[in-house]
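Engineer: Below is my_file.txt; it holds compact mmCIF, N, CA and C atoms (P, O5', C5', C4', C3', O3' and C1' of nucleotides).
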```txt
# COMPACT_ATOMS: atom_id res chain seq x y z
N MET N 366 -46.81 -55.70 -192.85
CA MET N 366 -46.65 -54.64 -191.83
C MET N 366 -47.82 -53.67 -191.92
N ASP N 367 -48.58 -53.49 -190.84
CA ASP N 367 -49.73 -52.58 -190.92
C ASP N 367 -49.29 -51.13 -190.70
N GLU N 368 -50.26 -50.24 -190.71
CA GLU N 368 -49.93 -48.81 -190.67
C GLU N 368 -49.27 -48.40 -189.35
N ASN N 369 -49.77 -48.96 -188.26
CA ASN N 369 -49.19 -48.60 -186.96
C ASN N 369 -47.74 -49.04 -186.86
N GLN N 370 -47.48 -50.21 -187.38
CA GLN N 370 -46.10 -50.71 -187.35
C GLN N 370 -45.18 -49.82 -188.18
N GLN N 371 -45.71 -49.35 -189.30
CA GLN N 371 -44.89 -48.48 -190.15
C GLN N 371 -44.60 -47.16 -189.46
N ASN N 372 -45.64 -46.61 -188.79
CA ASN N 372 -45.43 -45.36 -188.06
C ASN N 372 -44.37 -45.54 -186.99
N LEU N 373 -44.46 -46.62 -186.26
CA LEU N 373 -43.49 -46.91 -185.20
C LEU N 373 -42.09 -47.01 -185.80
N HIS N 374 -42.03 -47.71 -186.92
CA HIS N 374 -40.75 -47.89 -187.59
C HIS N 374 -40.12 -46.55 -187.94
N HIS N 375 -40.93 -45.64 -188.47
CA HIS N 375 -40.41 -44.34 -188.86
C HIS N 375 -39.97 -43.52 -187.66
N LEU N 376 -40.71 -43.66 -186.54
CA LEU N 376 -40.34 -42.93 -185.34
C LEU N 376 -39.00 -43.42 -184.83
N LEU N 377 -38.77 -44.73 -184.91
CA LEU N 377 -37.50 -45.28 -184.46
C LEU N 377 -36.37 -44.80 -185.36
N ASP N 378 -36.64 -44.73 -186.65
CA ASP N 378 -35.65 -44.21 -187.58
C ASP N 378 -35.25 -42.80 -187.19
N PHE N 379 -36.26 -42.00 -186.84
CA PHE N 379 -36.01 -40.60 -186.50
C PHE N 379 -35.17 -40.50 -185.23
N GLU N 380 -35.48 -41.38 -184.27
CA GLU N 380 -34.69 -41.38 -183.03
C GLU N 380 -33.24 -41.69 -183.32
N LEU N 381 -33.03 -42.70 -184.14
CA LEU N 381 -31.66 -43.08 -184.50
C LEU N 381 -30.95 -41.92 -185.19
N LEU N 382 -31.70 -41.25 -186.07
CA LEU N 382 -31.13 -40.13 -186.81
C LEU N 382 -30.71 -39.02 -185.86
N ASN N 383 -31.53 -38.79 -184.83
CA ASN N 383 -31.23 -37.75 -183.87
C ASN N 383 -30.00 -38.06 -183.04
N LYS N 384 -29.75 -39.35 -182.84
CA LYS N 384 -28.62 -39.74 -182.01
C LYS N 384 -27.36 -39.95 -182.84
N LEU N 385 -27.52 -39.90 -184.14
CA LEU N 385 -26.38 -40.12 -185.03
C LEU N 385 -25.41 -38.95 -184.93
N ILE N 386 -24.28 -39.20 -184.34
CA ILE N 386 -23.26 -38.17 -184.23
C ILE N 386 -21.94 -38.75 -184.69
N VAL N 387 -21.33 -38.09 -185.66
CA VAL N 387 -20.12 -38.65 -186.28
C VAL N 387 -18.98 -37.65 -186.30
N GLY N 388 -17.79 -38.16 -186.50
CA GLY N 388 -16.61 -37.33 -186.59
C GLY N 388 -16.45 -36.77 -187.99
N ILE N 389 -15.48 -35.89 -188.13
CA ILE N 389 -15.31 -35.17 -189.39
C ILE N 389 -14.91 -36.10 -190.54
N GLY N 390 -14.13 -37.14 -190.21
CA GLY N 390 -13.70 -38.08 -191.24
C GLY N 390 -14.85 -38.83 -191.86
N GLU N 391 -15.77 -39.24 -190.97
CA GLU N 391 -16.93 -39.99 -191.46
C GLU N 391 -17.85 -39.09 -192.28
N VAL N 392 -18.01 -37.86 -191.82
CA VAL N 392 -18.81 -36.89 -192.58
C VAL N 392 -18.22 -36.72 -193.97
N SER N 393 -16.90 -36.62 -194.01
CA SER N 393 -16.21 -36.45 -195.28
C SER N 393 -16.44 -37.65 -196.20
N ASP N 394 -16.35 -38.84 -195.63
CA ASP N 394 -16.58 -40.06 -196.42
C ASP N 394 -18.01 -40.09 -196.96
N ILE N 395 -18.96 -39.73 -196.09
CA ILE N 395 -20.37 -39.80 -196.47
C ILE N 395 -20.71 -38.78 -197.54
N THR N 396 -20.24 -37.53 -197.35
CA THR N 396 -20.65 -36.42 -198.22
C THR N 396 -19.72 -36.20 -199.40
N GLY N 397 -18.49 -36.68 -199.27
CA GLY N 397 -17.53 -36.41 -200.32
C GLY N 397 -16.88 -35.04 -200.19
N ILE N 398 -17.20 -34.35 -199.09
CA ILE N 398 -16.61 -33.04 -198.84
C ILE N 398 -15.32 -33.23 -198.04
N PRO N 399 -14.20 -32.72 -198.54
CA PRO N 399 -12.92 -32.91 -197.84
C PRO N 399 -12.95 -32.34 -196.43
N THR N 400 -12.27 -33.01 -195.52
CA THR N 400 -12.24 -32.54 -194.12
C THR N 400 -11.71 -31.11 -194.06
N ARG N 401 -10.76 -30.83 -194.88
CA ARG N 401 -10.15 -29.50 -194.91
C ARG N 401 -11.20 -28.43 -195.22
N LYS N 402 -12.09 -28.76 -196.14
CA LYS N 402 -13.13 -27.81 -196.53
C LYS N 402 -14.18 -27.66 -195.43
N ILE N 403 -14.48 -28.74 -194.75
CA ILE N 403 -15.45 -28.69 -193.65
C ILE N 403 -14.95 -27.75 -192.55
N ARG N 404 -13.65 -27.88 -192.22
CA ARG N 404 -13.09 -26.99 -191.20
C ARG N 404 -13.10 -25.54 -191.68
N TYR N 405 -12.83 -25.38 -192.96
CA TYR N 405 -12.84 -24.04 -193.56
C TYR N 405 -14.22 -23.41 -193.45
N TRP N 406 -15.26 -24.17 -193.78
CA TRP N 406 -16.63 -23.69 -193.68
C TRP N 406 -16.97 -23.33 -192.25
N GLU N 407 -16.53 -24.17 -191.35
CA GLU N 407 -16.81 -23.92 -189.94
C GLU N 407 -16.17 -22.61 -189.49
N GLU N 408 -14.98 -22.39 -189.99
CA GLU N 408 -14.26 -21.16 -189.70
C GLU N 408 -15.03 -19.94 -190.21
N LYS N 409 -15.73 -20.12 -191.33
CA LYS N 409 -16.50 -19.04 -191.93
C LYS N 409 -17.89 -18.92 -191.34
N GLY N 410 -18.21 -19.77 -190.36
CA GLY N 410 -19.49 -19.66 -189.68
C GLY N 410 -20.62 -20.42 -190.36
N ALA N 411 -20.28 -21.31 -191.29
CA ALA N 411 -21.30 -22.06 -191.99
C ALA N 411 -21.96 -23.09 -191.08
N ILE N 412 -21.17 -23.70 -190.23
CA ILE N 412 -21.69 -24.73 -189.34
C ILE N 412 -21.02 -24.64 -187.97
N GLU N 413 -21.74 -25.15 -186.98
CA GLU N 413 -21.19 -25.20 -185.63
C GLU N 413 -21.19 -26.63 -185.16
N SER N 414 -20.02 -27.23 -185.11
CA SER N 414 -19.93 -28.60 -184.62
C SER N 414 -19.90 -28.57 -183.10
N GLU N 415 -20.38 -29.66 -182.52
CA GLU N 415 -20.23 -29.79 -181.07
C GLU N 415 -18.87 -30.40 -180.84
N LYS N 416 -18.05 -29.69 -180.09
CA LYS N 416 -16.75 -30.27 -179.77
C LYS N 416 -16.94 -31.19 -178.57
N SER N 417 -16.52 -32.44 -178.76
CA SER N 417 -16.71 -33.41 -177.68
C SER N 417 -15.90 -32.96 -176.46
N GLY N 418 -16.57 -32.96 -175.33
CA GLY N 418 -16.05 -32.40 -174.08
C GLY N 418 -14.57 -32.60 -173.83
N GLU N 419 -14.14 -33.84 -173.74
CA GLU N 419 -12.74 -34.14 -173.39
C GLU N 419 -11.79 -33.72 -174.49
N GLY N 420 -11.82 -34.53 -175.56
CA GLY N 420 -10.94 -34.26 -176.68
C GLY N 420 -11.38 -33.00 -177.38
N SER N 421 -10.73 -32.67 -178.45
CA SER N 421 -11.07 -31.45 -179.15
C SER N 421 -11.63 -31.76 -180.54
N THR N 422 -11.99 -33.00 -180.74
CA THR N 422 -12.45 -33.36 -182.08
C THR N 422 -13.90 -32.94 -182.31
N ARG N 423 -14.18 -32.51 -183.52
CA ARG N 423 -15.51 -32.03 -183.88
C ARG N 423 -16.49 -33.18 -184.00
N ARG N 424 -17.72 -32.91 -183.63
CA ARG N 424 -18.80 -33.89 -183.74
C ARG N 424 -19.95 -33.28 -184.50
N TYR N 425 -20.51 -34.05 -185.40
CA TYR N 425 -21.59 -33.53 -186.24
C TYR N 425 -22.84 -34.40 -186.14
N ASN N 426 -24.01 -33.75 -186.05
CA ASN N 426 -25.27 -34.48 -186.09
C ASN N 426 -25.81 -34.45 -187.52
N TYR N 427 -26.97 -35.07 -187.72
CA TYR N 427 -27.46 -35.20 -189.09
C TYR N 427 -27.88 -33.86 -189.68
N LEU N 428 -28.25 -32.92 -188.80
CA LEU N 428 -28.62 -31.59 -189.30
C LEU N 428 -27.39 -30.88 -189.88
N ASN N 429 -26.24 -31.08 -189.21
CA ASN N 429 -24.99 -30.51 -189.72
C ASN N 429 -24.67 -31.08 -191.10
N VAL N 430 -24.80 -32.40 -191.20
CA VAL N 430 -24.49 -33.08 -192.47
C VAL N 430 -25.41 -32.58 -193.57
N LYS N 431 -26.71 -32.48 -193.22
CA LYS N 431 -27.70 -32.01 -194.17
C LYS N 431 -27.34 -30.60 -194.66
N LYS N 432 -26.96 -29.76 -193.70
CA LYS N 432 -26.60 -28.38 -193.99
C LYS N 432 -25.41 -28.32 -194.96
N MET N 433 -24.41 -29.17 -194.68
CA MET N 433 -23.23 -29.18 -195.55
C MET N 433 -23.59 -29.54 -196.98
N LEU N 434 -24.43 -30.56 -197.13
CA LEU N 434 -24.81 -31.00 -198.47
C LEU N 434 -25.57 -29.90 -199.20
N LEU N 435 -26.44 -29.19 -198.46
CA LEU N 435 -27.19 -28.10 -199.06
C LEU N 435 -26.26 -26.98 -199.50
N ILE N 436 -25.32 -26.65 -198.64
CA ILE N 436 -24.37 -25.59 -198.96
C ILE N 436 -23.54 -25.97 -200.19
N GLN N 437 -23.12 -27.24 -200.24
CA GLN N 437 -22.34 -27.70 -201.39
C GLN N 437 -23.13 -27.54 -202.69
N GLU N 438 -24.44 -27.85 -202.60
CA GLU N 438 -25.30 -27.69 -203.78
C GLU N 438 -25.36 -26.23 -204.22
N MET N 439 -25.54 -25.35 -203.25
CA MET N 439 -25.61 -23.92 -203.56
C MET N 439 -24.32 -23.44 -204.24
N LEU N 440 -23.20 -23.88 -203.71
CA LEU N 440 -21.91 -23.48 -204.29
C LEU N 440 -21.79 -23.98 -205.73
N ASP N 441 -22.26 -25.22 -205.95
CA ASP N 441 -22.23 -25.78 -207.30
C ASP N 441 -23.07 -24.96 -208.26
N GLU N 442 -24.11 -24.32 -207.70
CA GLU N 442 -25.00 -23.51 -208.54
C GLU N 442 -24.47 -22.10 -208.73
N GLY N 443 -23.32 -21.82 -208.13
CA GLY N 443 -22.69 -20.54 -208.38
C GLY N 443 -22.82 -19.50 -207.30
N PHE N 444 -23.47 -19.86 -206.18
CA PHE N 444 -23.58 -18.93 -205.07
C PHE N 444 -22.23 -18.76 -204.38
N THR N 445 -22.04 -17.62 -203.77
CA THR N 445 -20.86 -17.46 -202.92
C THR N 445 -21.11 -18.20 -201.62
N LEU N 446 -20.03 -18.48 -200.89
CA LEU N 446 -20.18 -19.20 -199.63
C LEU N 446 -21.06 -18.44 -198.66
N ASP N 447 -20.86 -17.15 -198.54
CA ASP N 447 -21.68 -16.34 -197.63
C ASP N 447 -23.15 -16.39 -198.01
N ALA N 448 -23.42 -16.27 -199.29
CA ALA N 448 -24.81 -16.32 -199.76
C ALA N 448 -25.42 -17.68 -199.49
N ALA N 449 -24.63 -18.72 -199.74
CA ALA N 449 -25.12 -20.08 -199.53
C ALA N 449 -25.43 -20.31 -198.06
N ILE N 450 -24.57 -19.81 -197.19
CA ILE N 450 -24.78 -19.97 -195.75
C ILE N 450 -26.09 -19.33 -195.33
N LYS N 451 -26.29 -18.09 -195.75
CA LYS N 451 -27.51 -17.37 -195.35
C LYS N 451 -28.76 -18.05 -195.89
N LYS N 452 -28.69 -18.46 -197.13
CA LYS N 452 -29.84 -19.09 -197.78
C LYS N 452 -30.20 -20.40 -197.08
N VAL N 453 -29.21 -21.23 -196.85
CA VAL N 453 -29.45 -22.52 -196.21
C VAL N 453 -29.95 -22.33 -194.78
N GLU N 454 -29.39 -21.33 -194.12
CA GLU N 454 -29.80 -21.04 -192.75
C GLU N 454 -31.29 -20.73 -192.71
N LYS N 455 -31.72 -19.88 -193.61
CA LYS N 455 -33.13 -19.48 -193.64
C LYS N 455 -34.03 -20.66 -194.00
N ARG N 456 -33.58 -21.45 -194.96
CA ARG N 456 -34.38 -22.62 -195.37
C ARG N 456 -34.60 -23.56 -194.21
N MET N 457 -33.53 -23.89 -193.49
CA MET N 457 -33.64 -24.84 -192.40
C MET N 457 -34.42 -24.26 -191.23
N GLU N 458 -34.35 -22.94 -191.11
CA GLU N 458 -35.09 -22.28 -190.04
C GLU N 458 -36.59 -22.45 -190.23
N THR N 459 -37.06 -22.13 -191.42
CA THR N 459 -38.49 -22.25 -191.71
C THR N 459 -38.92 -23.71 -191.67
N LEU N 460 -38.04 -24.58 -192.16
CA LEU N 460 -38.35 -26.02 -192.14
C LEU N 460 -38.51 -26.52 -190.71
N ASN N 461 -37.55 -26.17 -189.87
CA ASN N 461 -37.61 -26.62 -188.48
C ASN N 461 -38.82 -26.06 -187.75
N GLU N 462 -39.15 -24.82 -188.05
CA GLU N 462 -40.31 -24.21 -187.40
C GLU N 462 -41.59 -24.94 -187.79
N ALA N 463 -41.69 -25.25 -189.07
CA ALA N 463 -42.88 -25.95 -189.56
C ALA N 463 -43.02 -27.31 -188.90
N PHE N 464 -41.90 -28.02 -188.78
CA PHE N 464 -41.96 -29.36 -188.19
C PHE N 464 -42.20 -29.30 -186.69
N ARG N 465 -41.74 -28.19 -186.08
CA ARG N 465 -42.00 -28.02 -184.65
C ARG N 465 -43.50 -27.83 -184.41
N LYS N 466 -44.11 -27.02 -185.27
CA LYS N 466 -45.56 -26.81 -185.17
C LYS N 466 -46.29 -28.13 -185.39
N LEU N 467 -45.81 -28.86 -186.39
CA LEU N 467 -46.44 -30.14 -186.71
C LEU N 467 -46.35 -31.10 -185.52
N ALA N 468 -45.19 -31.12 -184.88
CA ALA N 468 -44.99 -31.99 -183.72
C ALA N 468 -45.92 -31.57 -182.59
N ASN N 469 -46.12 -30.26 -182.44
CA ASN N 469 -47.01 -29.76 -181.39
C ASN N 469 -48.44 -30.22 -181.61
N THR N 470 -48.92 -30.08 -182.83
CA THR N 470 -50.30 -30.50 -183.10
C THR N 470 -50.45 -32.00 -182.90
N MET N 471 -49.40 -32.74 -183.18
CA MET N 471 -49.47 -34.19 -182.99
C MET N 471 -49.61 -34.54 -181.52
N THR N 472 -48.84 -33.87 -180.66
CA THR N 472 -48.91 -34.16 -179.23
C THR N 472 -50.21 -33.66 -178.63
N GLU N 473 -50.71 -32.54 -179.15
CA GLU N 473 -51.97 -32.00 -178.64
C GLU N 473 -53.12 -32.95 -178.92
N HIS N 474 -53.08 -33.57 -180.07
CA HIS N 474 -54.21 -34.42 -180.48
C HIS N 474 -54.08 -35.84 -179.97
N ARG N 475 -52.96 -36.12 -179.26
CA ARG N 475 -52.77 -37.49 -178.78
C ARG N 475 -53.59 -37.75 -177.53
N GLU N 476 -53.82 -39.05 -177.23
CA GLU N 476 -54.55 -39.57 -176.06
C GLU N 476 -55.91 -38.99 -175.90
P DG E 1020 -7.43 -41.50 -191.89
O5' DG E 1020 -7.93 -40.81 -190.59
C5' DG E 1020 -8.96 -41.51 -189.97
C4' DG E 1020 -8.97 -41.13 -188.52
C3' DG E 1020 -9.00 -39.64 -188.28
O3' DG E 1020 -10.32 -39.18 -188.28
C1' DG E 1020 -7.38 -40.66 -186.87
P DT E 1021 -10.73 -37.77 -188.89
O5' DT E 1021 -10.22 -36.70 -187.81
C5' DT E 1021 -10.78 -36.71 -186.51
C4' DT E 1021 -9.91 -35.90 -185.60
C3' DT E 1021 -9.69 -34.46 -186.02
O3' DT E 1021 -10.75 -33.64 -185.60
C1' DT E 1021 -7.68 -35.44 -185.18
P DT E 1022 -10.87 -32.13 -186.02
O5' DT E 1022 -9.59 -31.39 -185.38
C5' DT E 1022 -9.57 -31.13 -183.97
C4' DT E 1022 -8.29 -30.41 -183.62
C3' DT E 1022 -8.05 -29.13 -184.39
O3' DT E 1022 -8.69 -28.05 -183.76
C1' DT E 1022 -6.05 -30.43 -184.29
P DC E 1023 -8.93 -26.69 -184.55
O5' DC E 1023 -7.46 -26.08 -184.72
C5' DC E 1023 -6.72 -25.69 -183.57
C4' DC E 1023 -5.33 -25.27 -184.04
C3' DC E 1023 -5.34 -24.08 -184.96
O3' DC E 1023 -4.83 -22.92 -184.31
C1' DC E 1023 -3.94 -25.87 -185.80
P DT E 1024 -4.96 -21.47 -185.03
O5' DT E 1024 -3.65 -21.40 -185.94
C5' DT E 1024 -2.40 -21.81 -185.40
C4' DT E 1024 -1.33 -21.66 -186.47
C3' DT E 1024 -1.53 -20.44 -187.38
O3' DT E 1024 -0.28 -19.83 -187.65
C1' DT E 1024 -1.43 -22.39 -188.69
P DC E 1025 -0.23 -18.25 -188.04
O5' DC E 1025 0.74 -18.24 -189.31
C5' DC E 1025 1.82 -19.17 -189.39
C4' DC E 1025 2.15 -19.46 -190.85
C3' DC E 1025 1.85 -18.30 -191.79
O3' DC E 1025 3.02 -18.00 -192.55
C1' DC E 1025 0.85 -20.31 -192.59
P DA E 1026 3.04 -16.71 -193.56
O5' DA E 1026 3.15 -17.46 -194.96
C5' DA E 1026 3.99 -18.60 -195.07
C4' DA E 1026 3.57 -19.43 -196.26
C3' DA E 1026 3.39 -18.62 -197.55
O3' DA E 1026 4.07 -19.24 -198.61
C1' DA E 1026 1.50 -19.95 -197.14
P DC E 1027 4.34 -18.37 -199.99
O5' DC E 1027 3.20 -18.96 -200.96
C5' DC E 1027 3.22 -20.34 -201.27
C4' DC E 1027 1.92 -20.73 -201.95
C3' DC E 1027 1.53 -19.84 -203.14
O3' DC E 1027 1.37 -20.66 -204.27
C1' DC E 1027 -0.31 -20.26 -201.74
P DA E 1028 1.50 -19.91 -205.77
O5' DA E 1028 0.09 -20.28 -206.43
C5' DA E 1028 -0.31 -21.66 -206.54
C4' DA E 1028 -1.81 -21.73 -206.82
C3' DA E 1028 -2.27 -20.80 -207.93
O3' DA E 1028 -3.15 -21.49 -208.79
C1' DA E 1028 -3.53 -20.43 -205.98
P DT M 1212 -16.53 -17.06 -201.05
O5' DT M 1212 -15.86 -18.46 -201.46
C5' DT M 1212 -16.09 -18.97 -202.79
C4' DT M 1212 -15.15 -20.11 -202.97
C3' DT M 1212 -15.20 -21.14 -201.84
O3' DT M 1212 -15.11 -22.45 -202.40
C1' DT M 1212 -13.00 -20.39 -202.11
P DG M 1213 -15.63 -23.62 -201.47
O5' DG M 1213 -14.48 -23.75 -200.37
C5' DG M 1213 -13.67 -24.86 -200.41
C4' DG M 1213 -12.36 -24.56 -201.13
C3' DG M 1213 -11.27 -25.53 -200.76
O3' DG M 1213 -11.28 -26.62 -201.64
C1' DG M 1213 -10.48 -23.28 -201.05
P DT M 1214 -10.67 -27.93 -201.07
O5' DT M 1214 -9.09 -27.67 -201.22
C5' DT M 1214 -8.56 -27.54 -202.52
C4' DT M 1214 -7.05 -27.42 -202.42
C3' DT M 1214 -6.38 -28.59 -201.70
O3' DT M 1214 -5.31 -29.04 -202.51
C1' DT M 1214 -5.69 -26.52 -200.77
P DG M 1215 -4.63 -30.40 -202.20
O5' DG M 1215 -3.21 -29.97 -201.63
C5' DG M 1215 -2.63 -28.72 -201.99
C4' DG M 1215 -1.20 -28.69 -201.48
C3' DG M 1215 -0.72 -29.98 -200.86
O3' DG M 1215 0.69 -30.11 -201.07
C1' DG M 1215 -0.91 -28.31 -199.17
P DA M 1216 1.49 -31.32 -200.48
O5' DA M 1216 2.12 -30.65 -199.18
C5' DA M 1216 2.77 -29.40 -199.29
C4' DA M 1216 3.37 -29.04 -197.95
C3' DA M 1216 3.90 -30.24 -197.17
O3' DA M 1216 5.11 -29.90 -196.53
C1' DA M 1216 2.29 -29.10 -195.88
P DG M 1217 6.01 -31.05 -195.90
O5' DG M 1217 6.23 -30.50 -194.43
C5' DG M 1217 6.29 -29.10 -194.20
C4' DG M 1217 6.00 -28.82 -192.74
C3' DG M 1217 6.44 -29.95 -191.82
O3' DG M 1217 7.11 -29.41 -190.69
C1' DG M 1217 4.17 -29.45 -191.46
P DA M 1218 7.88 -30.37 -189.71
O5' DA M 1218 7.11 -30.12 -188.35
C5' DA M 1218 6.74 -28.79 -187.96
C4' DA M 1218 5.74 -28.88 -186.83
C3' DA M 1218 6.04 -30.03 -185.86
O3' DA M 1218 5.88 -29.60 -184.53
C1' DA M 1218 3.84 -30.21 -186.65
P DA M 1219 6.53 -30.43 -183.38
O5' DA M 1219 5.34 -30.57 -182.31
C5' DA M 1219 4.49 -29.48 -182.04
C4' DA M 1219 3.11 -29.99 -181.68
C3' DA M 1219 3.11 -31.13 -180.65
O3' DA M 1219 2.39 -30.71 -179.50
C1' DA M 1219 1.64 -31.59 -182.45
```
Show this structure as structure tokens.
Structural biologist:
Amino acid sequence: MDENQQNLHHLLDFELLNKLIVGIGEVSDITGIPTRKIRYWEEKGAIESEKSGEGSTRRYNYLNVKKMLLIQEMLDEGFTLDAAIKKVEKRMETLNEAFRKLANTMTEHRE
DNA sequence: GTTCTCACA
DNA sequence: TGTGAGAA
């Protein structure tokens, strides 16, 4: 597989990741975080799930899942939930901004 | 399977 | 900071 093929492969992975939307049960299975705790965190403003239009079941994308895992790590390290929420929020904010800039430079330099 | 709420540790 | 139980 040459370099171009690898780049394409990674872009496809990213697309799939962006479209990956799962229910609370699956998130719980993947992360090991009980569904009860996920709802509790949501109640405390840690995460915002997209509620699927018709039904009322919560839907989570990979950023939500990532956020939960980060928060769980912070709690394990002794942070309070509120502190963990704020810290993770800030981390993901700067991360997303950096990648947004990176994406911009990539499109600017294309063609 | 999911939702909520109330009580409890 | 969570959990258990019950009900829809």
Engineer: Between C5' of DG1020 in chain E and CA of Ile386 in chain N, what is the spacing in Å?
Structural biologist: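 Atom-to-atom, CA of Ile386 in chain N and C5' of DG1020 in chain E are spaced 15.8 Å apart.
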Engineer: Within 12 Å of chain N, which residues of chain E show up when using only C-alpha atoms (C1' of nucleotides), listed as a PyMOL selection string?
Structural biologist: chain E and resi 1020-1023
Engineer: Can you list, as a PyMOL selection string, all residues belonging to range 391-436 of chain N that DSSP tags as alpha helix (DSSP H)?
Structural biologist: chain N and resi 391-396+400-408+427-436
Engineer: When you get a sec, could you note down which chain M residues fall within 7 Å of chain N, using all atoms listed in the file, as a list in words?
Structural biologist: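 Every residue of chain M that passes the 7 Å test is in DT1212, DG1213 and DT1214 of chain M.
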Engineer: Could you work out how far CA of Gln437 in chain N lies from atom N of Lys455 in chain N, giving the answer in Å with one decimal?
Structural biologist: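 Straight-line distance from atom N of Lys455 in chain N to CA of Gln437 in chain N works out to 14.5 Å.
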Engineer: If I take atom C of Ala449 in chain N and atom C of Val392 in chain N, how far is one from the other in Å, to one decimal?
Structural biologist: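 Interatomic distance, atom C of Ala449 in chain N to atom C of Val392 in chain N: 18.4 Å.
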Engineer: Which residues, written as a PyMOL selection string, have at least one atom at most 5 Å from range 377-385 of chain N, with all atoms listed in the file counted and residues fewer than 3 positions away on the same chain left out?
Structural biologist: chain N and resi 373-374+426
Engineer: Mind checking DSSP for range 416-471 of chain N and telling me the strand (DSSP E or B) residues as a count of residues only?
Structural biologist: 4
Engineer: Taking 3 positions as the minimum chain separation for residues in the same chain, which residues sit within 12 Å of DG1215 in chain M when counting only C-alpha atoms (C1' of nucleotides)? Answer as a VMD selection string.
Structural biologist: (chain N and resid 401) or (chain E and resid 1025 to 1028)
